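Below is coords-v6.cif, holding mmCIF, C-alpha atoms and all ligand atoms.
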```
data_query
#
loop_
_atom_site.label_atom_id
_atom_site.label_comp_id
_atom_site.auth_asym_id
_atom_site.auth_seq_id
_atom_site.Cartn_x
_atom_site.Cartn_y
_atom_site.Cartn_z
CA MET Q 574 3.69 -1.87 0.60
CA GLU Q 575 5.09 -3.44 -2.55
CA ASN Q 576 2.48 -3.09 -5.18
CA VAL Q 577 0.25 -0.04 -4.92
CA ILE Q 578 -2.89 0.14 -7.08
CA PHE Q 579 -4.58 3.24 -5.61
CA ASP Q 580 -2.64 6.21 -4.35
CA VAL Q 581 -4.83 8.72 -2.51
CA LYS Q 582 -3.40 12.14 -1.66
CA ASN Q 583 -5.01 14.98 0.28
CA LEU Q 584 -8.51 13.84 -0.56
CA ASN Q 585 -11.30 16.13 0.67
CA LEU Q 586 -14.94 15.55 -0.20
CA PHE Q 587 -17.91 17.83 0.36
CA TYR Q 588 -21.66 17.25 0.10
CA GLY Q 589 -22.70 20.88 -0.42
CA GLU Q 590 -21.36 22.73 2.61
CA LYS Q 591 -20.77 19.60 4.63
CA GLN Q 592 -17.32 18.06 4.55
CA ALA Q 593 -17.54 14.26 4.60
CA LEU Q 594 -13.87 13.31 4.02
CA ILE Q 595 -11.02 15.28 5.52
CA ASP Q 596 -7.52 15.23 4.08
CA LEU Q 597 -7.25 11.53 3.44
CA ASN Q 598 -3.95 9.97 2.45
CA MET Q 599 -3.73 6.28 1.77
CA GLN Q 600 -2.28 3.66 -0.51
CA ILE Q 601 -4.14 0.52 -1.42
CA GLU Q 602 -2.22 -2.61 -2.25
CA LYS Q 603 -2.91 -4.67 -5.34
CA ASN Q 604 -4.14 -8.24 -4.86
CA ALA Q 605 -4.94 -7.64 -1.24
CA ILE Q 606 -8.12 -7.06 0.73
CA THR Q 607 -8.43 -3.68 2.39
CA ALA Q 608 -11.22 -3.23 4.94
CA LEU Q 609 -12.75 0.14 5.82
CA ILE Q 610 -14.19 0.21 9.33
CA GLY Q 611 -15.63 2.85 11.64
CA PRO Q 612 -18.91 4.01 13.18
CA SER Q 613 -21.95 4.87 11.09
CA GLY Q 614 -21.63 8.08 9.11
CA CYS Q 615 -17.82 8.31 9.33
CA GLY Q 616 -17.37 8.31 5.54
CA LYS Q 617 -16.51 4.70 4.67
CA SER Q 618 -19.02 4.36 1.81
CA THR Q 619 -18.25 7.87 0.62
CA PHE Q 620 -14.58 6.97 0.34
CA LEU Q 621 -15.34 3.66 -1.35
CA ARG Q 622 -17.47 5.45 -3.95
CA CYS Q 623 -14.58 7.83 -4.71
CA LEU Q 624 -12.58 4.90 -6.07
CA ASN Q 625 -14.89 4.43 -9.07
CA ARG Q 626 -16.39 7.91 -9.09
CA MET Q 627 -19.83 6.75 -8.02
CA ASN Q 628 -20.12 10.00 -6.06
CA ASP Q 629 -20.28 11.84 -9.39
CA LEU Q 630 -23.92 10.78 -9.48
CA ILE Q 631 -24.69 12.71 -6.28
CA ASP Q 632 -25.81 16.32 -6.69
CA GLY Q 633 -23.65 18.84 -4.86
CA CYS Q 634 -20.80 16.43 -4.25
CA ARG Q 635 -17.35 17.96 -4.73
CA VAL Q 636 -13.99 16.19 -4.59
CA GLU Q 637 -10.58 17.82 -4.06
CA GLY Q 638 -7.19 16.14 -4.07
CA ASP Q 639 -5.73 13.27 -6.04
CA ILE Q 640 -6.61 9.64 -6.47
CA ARG Q 641 -4.43 7.73 -8.84
CA MET Q 642 -5.13 4.25 -10.03
CA GLU Q 643 -2.11 2.60 -11.59
CA GLY Q 644 -0.49 6.01 -11.79
CA LYS Q 645 -3.33 7.66 -13.71
CA ASP Q 646 -5.43 10.29 -11.99
CA ILE Q 647 -9.07 9.23 -11.88
CA TYR Q 648 -10.58 12.69 -11.31
CA LYS Q 649 -8.42 14.73 -13.66
CA GLY Q 650 -8.75 12.94 -16.94
CA GLY Q 651 -6.28 10.07 -16.54
CA TRP Q 652 -9.17 7.61 -16.79
CA ASN Q 653 -12.43 8.08 -18.57
CA VAL Q 654 -15.29 7.24 -16.26
CA VAL Q 655 -16.72 4.37 -18.29
CA ASP Q 656 -13.32 2.65 -18.45
CA LEU Q 657 -12.74 3.31 -14.80
CA ARG Q 658 -16.04 1.67 -13.80
CA THR Q 659 -15.21 -1.32 -15.99
CA HIS Q 660 -11.90 -1.70 -14.20
CA VAL Q 661 -13.36 -1.01 -10.78
CA GLY Q 662 -16.52 -3.06 -10.24
CA MET Q 663 -18.87 -2.71 -7.30
CA VAL Q 664 -21.07 -4.92 -5.16
CA PHE Q 665 -23.65 -3.31 -2.90
CA GLN Q 666 -25.12 -4.00 0.50
CA LYS Q 667 -28.39 -5.35 -0.83
CA PRO Q 668 -28.04 -7.87 -3.64
CA ASN Q 669 -29.39 -6.10 -6.74
CA PRO Q 670 -29.73 -8.61 -9.57
CA PHE Q 671 -31.34 -7.28 -12.75
CA PRO Q 672 -34.93 -8.45 -13.42
CA MET Q 673 -33.85 -11.07 -15.93
CA SER Q 674 -32.48 -14.61 -16.06
CA ILE Q 675 -29.36 -15.75 -14.22
CA TYR Q 676 -27.61 -16.10 -17.58
CA ASP Q 677 -28.63 -12.65 -18.80
CA ASN Q 678 -27.52 -11.01 -15.56
CA ILE Q 679 -23.96 -12.13 -16.27
CA ALA Q 680 -24.08 -11.67 -20.04
CA TYR Q 681 -25.52 -8.15 -19.78
CA GLY Q 682 -22.24 -6.27 -19.31
CA PRO Q 683 -20.25 -8.20 -21.93
CA ARG Q 684 -23.16 -7.74 -24.41
CA CYS Q 685 -23.10 -4.00 -23.74
CA GLN Q 686 -19.42 -4.08 -24.62
CA GLY Q 687 -20.38 -5.57 -27.98
CA ILE Q 688 -19.78 -9.28 -27.40
CA LYS Q 689 -22.47 -11.11 -29.41
CA ASP Q 690 -20.96 -14.52 -30.06
CA LYS Q 691 -23.02 -17.13 -28.21
CA LYS Q 692 -20.10 -19.43 -27.50
CA THR Q 693 -18.00 -16.62 -26.05
CA LEU Q 694 -20.90 -15.44 -23.91
CA ASN Q 695 -21.52 -18.99 -22.68
CA GLN Q 696 -17.89 -19.19 -21.66
CA ILE Q 697 -17.95 -15.86 -19.84
CA VAL Q 698 -21.13 -16.83 -18.00
CA GLU Q 699 -19.76 -20.20 -16.92
CA GLN Q 700 -16.36 -18.87 -15.89
CA SER Q 701 -17.80 -15.94 -13.96
CA LEU Q 702 -20.23 -18.17 -12.09
CA GLN Q 703 -17.43 -20.64 -11.37
CA ARG Q 704 -15.23 -17.89 -9.99
CA ALA Q 705 -18.06 -16.64 -7.80
CA ALA Q 706 -18.60 -20.19 -6.48
CA LEU Q 707 -22.15 -20.29 -7.79
CA TRP Q 708 -21.92 -22.43 -10.94
CA GLU Q 709 -22.77 -25.78 -9.34
CA GLU Q 710 -25.87 -24.34 -7.72
CA VAL Q 711 -27.28 -22.71 -10.86
CA LYS Q 712 -25.91 -24.53 -13.91
CA ASP Q 713 -29.21 -26.33 -14.52
CA ARG Q 714 -31.36 -23.21 -14.16
CA LEU Q 715 -29.52 -20.51 -16.06
CA LYS Q 716 -32.72 -19.44 -17.83
CA ASP Q 717 -34.61 -18.97 -14.55
CA SER Q 718 -35.15 -15.54 -13.06
CA ALA Q 719 -32.36 -14.32 -10.79
CA TYR Q 720 -35.06 -13.34 -8.29
CA GLY Q 721 -35.63 -17.02 -7.55
CA LEU Q 722 -32.20 -17.28 -5.92
CA SER Q 723 -31.63 -16.92 -2.17
CA GLY Q 724 -30.15 -13.65 -0.89
CA GLY Q 725 -26.71 -15.21 -0.53
CA GLN Q 726 -26.88 -16.67 -4.03
CA GLN Q 727 -28.04 -13.33 -5.40
CA GLN Q 728 -25.02 -11.64 -3.82
CA ARG Q 729 -22.67 -14.20 -5.41
CA LEU Q 730 -24.49 -13.57 -8.69
CA CYS Q 731 -23.73 -9.86 -8.30
CA ILE Q 732 -20.09 -10.73 -7.68
CA ALA Q 733 -20.15 -12.96 -10.81
CA ARG Q 734 -21.69 -10.07 -12.74
CA ALA Q 735 -18.83 -7.82 -11.63
CA ILE Q 736 -16.26 -10.50 -12.53
CA ALA Q 737 -17.73 -10.88 -16.04
CA MET Q 738 -16.43 -7.39 -16.81
CA GLU Q 739 -12.89 -8.54 -15.98
CA PRO Q 740 -12.26 -5.78 -13.45
CA GLU Q 741 -9.02 -5.29 -11.58
CA VAL Q 742 -10.72 -4.06 -8.45
CA ILE Q 743 -13.96 -5.07 -6.76
CA LEU Q 744 -15.45 -2.61 -4.28
CA MET Q 745 -17.79 -4.20 -1.76
CA ASP Q 746 -20.07 -2.01 0.34
CA GLU Q 747 -21.17 -4.09 3.33
CA PRO Q 748 -21.77 -7.07 1.03
CA THR Q 749 -22.89 -9.43 3.78
CA SER Q 750 -24.97 -7.22 6.04
CA ALA Q 751 -28.23 -8.55 4.53
CA LEU Q 752 -27.10 -12.19 4.64
CA ASP Q 753 -27.31 -15.07 7.10
CA PRO Q 754 -24.10 -16.44 8.70
CA ILE Q 755 -23.69 -19.32 6.22
CA SER Q 756 -23.99 -17.05 3.19
CA THR Q 757 -21.71 -14.54 4.90
CA ASN Q 758 -19.12 -17.22 5.38
CA LYS Q 759 -19.33 -18.15 1.69
CA ILE Q 760 -18.81 -14.55 0.60
CA GLU Q 761 -15.84 -14.22 2.96
CA GLU Q 762 -14.27 -17.40 1.57
CA LEU Q 763 -14.92 -16.17 -1.91
CA ALA Q 764 -13.30 -12.80 -1.24
CA THR Q 765 -10.22 -14.54 0.11
CA GLU Q 766 -9.96 -16.63 -3.06
CA LEU Q 767 -10.62 -13.71 -5.38
CA LYS Q 768 -7.81 -11.60 -4.00
CA ASN Q 769 -5.32 -13.71 -5.95
CA ASP Q 770 -6.68 -12.10 -9.11
CA TYR Q 771 -8.37 -8.92 -7.92
CA THR Q 772 -7.90 -6.11 -5.48
CA ILE Q 773 -10.76 -5.92 -3.02
CA VAL Q 774 -11.83 -2.97 -0.90
CA ILE Q 775 -14.62 -3.80 1.51
CA VAL Q 776 -16.68 -1.63 3.85
CA THR Q 777 -17.85 -3.59 6.84
CA HIS Q 778 -19.53 -2.94 10.16
CA ASN Q 779 -18.48 -6.34 11.29
CA MET Q 780 -15.08 -6.13 12.93
CA GLN Q 781 -14.64 -9.88 13.08
CA GLN Q 782 -15.17 -9.89 9.35
CA ALA Q 783 -12.49 -7.24 8.84
CA ALA Q 784 -10.13 -9.20 11.09
CA ARG Q 785 -10.91 -12.49 9.29
CA VAL Q 786 -10.64 -11.47 5.68
CA SER Q 787 -8.57 -8.35 5.25
CA ASP Q 788 -4.85 -7.77 4.87
CA TYR Q 789 -5.08 -4.05 5.62
CA THR Q 790 -7.60 -2.12 7.68
CA ALA Q 791 -8.40 1.58 7.70
CA PHE Q 792 -10.26 3.03 10.67
CA PHE Q 793 -12.41 6.07 9.91
CA LEU Q 794 -13.92 8.52 12.35
CA LEU Q 795 -15.94 11.66 11.52
CA GLY Q 796 -14.57 11.87 7.99
CA GLU Q 797 -10.95 11.34 8.95
CA MET Q 798 -8.88 8.27 8.50
CA VAL Q 799 -7.52 7.84 11.99
CA GLU Q 800 -5.31 4.85 11.37
CA PHE Q 801 -4.36 2.57 8.51
CA ASP Q 802 -2.12 -0.43 8.82
CA LYS Q 803 -1.83 -4.16 8.42
CA THR Q 804 -4.98 -5.72 9.86
CA SER Q 805 -3.00 -7.59 12.52
CA VAL Q 806 -1.55 -4.30 13.78
CA ILE Q 807 -4.92 -2.51 13.83
CA PHE Q 808 -6.52 -5.31 15.84
CA GLN Q 809 -3.65 -6.27 18.10
CA ASN Q 810 -1.52 -3.22 18.51
CA PRO Q 811 -3.22 -0.04 17.25
CA SER Q 812 -1.24 3.13 17.77
CA ASP Q 813 -4.19 5.49 18.19
CA LYS Q 814 -6.31 5.40 21.33
CA ARG Q 815 -9.47 6.03 19.26
CA THR Q 816 -8.79 2.93 17.16
CA GLU Q 817 -8.30 0.88 20.29
CA ASP Q 818 -11.51 2.21 21.83
CA TYR Q 819 -13.45 1.34 18.69
CA ILE Q 820 -12.12 -2.14 18.16
CA THR Q 821 -12.61 -3.02 21.82
CA GLY Q 822 -16.22 -1.89 21.53
CA ARG Q 823 -15.98 1.21 23.71
CA PHE Q 824 -17.87 3.29 21.17
CA GLY Q 825 -19.58 3.05 17.80
N1 LIG N 901 -25.79 11.78 -0.78
C1 LIG N 901 -25.44 12.44 0.32
N2 LIG N 901 -25.76 13.75 0.49
C2 LIG N 901 -25.40 14.41 1.60
N3 LIG N 901 -24.71 13.88 2.61
C3 LIG N 901 -24.36 12.60 2.51
C4 LIG N 901 -24.70 11.80 1.37
N4 LIG N 901 -24.21 10.55 1.56
C5 LIG N 901 -23.61 10.57 2.75
N5 LIG N 901 -23.69 11.79 3.34
C6 LIG N 901 -23.13 12.17 4.64
O1 LIG N 901 -21.74 11.98 4.62
C7 LIG N 901 -21.29 11.39 5.85
C8 LIG N 901 -20.60 10.06 5.55
O2 LIG N 901 -21.58 9.12 5.09
P1 LIG N 901 -21.20 7.66 4.60
O3 LIG N 901 -22.44 7.03 4.11
O4 LIG N 901 -20.04 7.72 3.72
O5 LIG N 901 -20.75 7.00 5.97
P2 LIG N 901 -20.53 5.48 6.34
O6 LIG N 901 -19.35 5.45 7.24
O7 LIG N 901 -20.46 4.65 5.12
O8 LIG N 901 -21.84 5.16 7.16
P3 LIG N 901 -22.66 3.79 7.31
O9 LIG N 901 -21.72 2.87 8.00
O10 LIG N 901 -23.82 4.19 8.16
O11 LIG N 901 -23.04 3.35 5.93
C9 LIG N 901 -22.51 11.26 6.73
O12 LIG N 901 -22.56 12.37 7.58
C10 LIG N 901 -23.66 11.28 5.75
O13 LIG N 901 -24.81 11.84 6.34
#
```
Take the structure in the file and write it out as structure tokens.
Ligand SMILES: Nc1ncnc2c1ncn2[C@@H]1O[C@H](COP(=O)(O)OP(=O)(O)OP(=O)(O)O)[C@@H](O)[C@H]1O
Amino acid sequence: MENVIFDVKNLNLFYGEKQALIDLNMQIEKNAITALIGPSGCGKSTFLRCLNRMNDLIDGCRVEGDIRMEGKDIYKGGWNVVDLRTHVGMVFQKPNPFPMSIYDNIAYGPRCQGIKDKKTLNQIVEQSLQRAALWEEVKDRLKDSAYGLSGGQQQRLCIARAIAMEPEVILMDEPTSALDPISTNKIEELATELKNDYTIVIVTHNMQQAARVSDYTAFFLLGEMVEFDKTSVIFQNPSDKRTEDYITGRFG
């Protein structure tokens, strides 16, 4: 791996007494798509949330070990949490636009950062929507409520909202599981384009999706990362029997 953005060492995570991640070691490459796969409850989302400290919001959650982003430890003071979440954006399973106009959804974050100038905001809104492949569909209705968009459009709006913060990383937690196949395809195409400028880590239940879009795949089972490799290796020549059983549909 040439260009590592996240370096995870001996990561253990507990929800109260229950251990949800067990001694994870992994490096995530910059400007690549890394997919996290595995059966329900194996810890994929938990791991994803470690990368921008979203688990901090969960009572009783305790993290041990090191995660470095660009060499700076994210749990031990190398990054402050607000900066970290600006650099590491997130898109969730269910599109969650804010109850406001399309324009204001995108302008919200930049405004919170103190950008007031109308022209600058207009530019950010247009560029972010362009990058999320939504501009053409919404440019004449920017003042309309985001709730009037289809589910697939709402998800692209959420991606545009993340992009407006100029992150380096976009975490996607099953971003297409609530979408129809056409919208899913659009998000997959979009992810592939975005990796030129961003690092993407995506949790997916859809193995074809992992095989189609990702450069690297990590297979999780019961809180452990069983195998991590180039996606082609995981799907064509996995070294662990459990990975093979999972990708051939023998369990999960
Ligand atoms: N907030 C929480 N409090 C306590 N336990 C939790 C919490 N969130 C997740 N867990 C537990 O941690 C384990 C891992 O859950 P996680 O949601 O990370 O798995 P997952 O692989 O993403 O599952 P799915 O594919 O179903 O979303 C599960 O046993 C789950 O019950």
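A distance cut-off of 7 Å from ligand LIG 901 (chain N), applied to only C-alpha atoms and all ligand atoms, picks out the residues Tyr588, Ala593, Gly611, Pro612, Ser613, Gly614, Cys615, Gly616, Lys617, Ser618, Thr619, Phe620, Ile631, His778 and Gly796 of chain Q.
Separating CA of Asp677 in chain Q from CA of Leu715 in chain Q is a distance of 8.4 Å.
Distance annotation: of Q:Thr772, Q:Ser750, Q:Ser674, Q:Asn810, the residue with the minimal separation from Asn576 in chain Q is Q:Thr772; atom set is all atoms listed in the file.
Here the question is which of Q:Gly721, Q:Gly638, Q:Pro811, Q:Pro740 gets nearest to Gly682 in chain Q using only C-alpha atoms, and that residue is Q:Pro740.
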Worksheet item: What's the 12 Å shell around range 702-711 of chain Q, counting only C-alpha atoms, without same-chain residues fewer than 5 positions away, as a ChimeraX atom specification?
Response: /Q:674-676,678-680,695-697,716-719,721-723,725-737,739,756,759-771
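Taking only C-alpha atoms, the non-local environment of range 653-665 of chain Q within 9 Å (same-chain residues fewer than 3 positions away omitted) comprises Q:Arg622, Q:Leu624, Q:Asn625, Q:Arg626, Q:Met627, Q:Ile647, Q:Tyr648, Q:Gly650, Q:Pro668, Q:Asn669, Q:Gln728, Q:Cys731, Q:Ile732, Q:Ala735, Q:Ile736, Q:Met738, Q:Glu739, Q:Pro740, Q:Glu741, Q:Val742, Q:Ile743, Q:Leu744, Q:Met745, Q:Asp746, Q:Glu747, Q:Pro748.
Here CA of Ile578 in chain Q and CA of Gly644 in chain Q stand 7.9 Å from one another.
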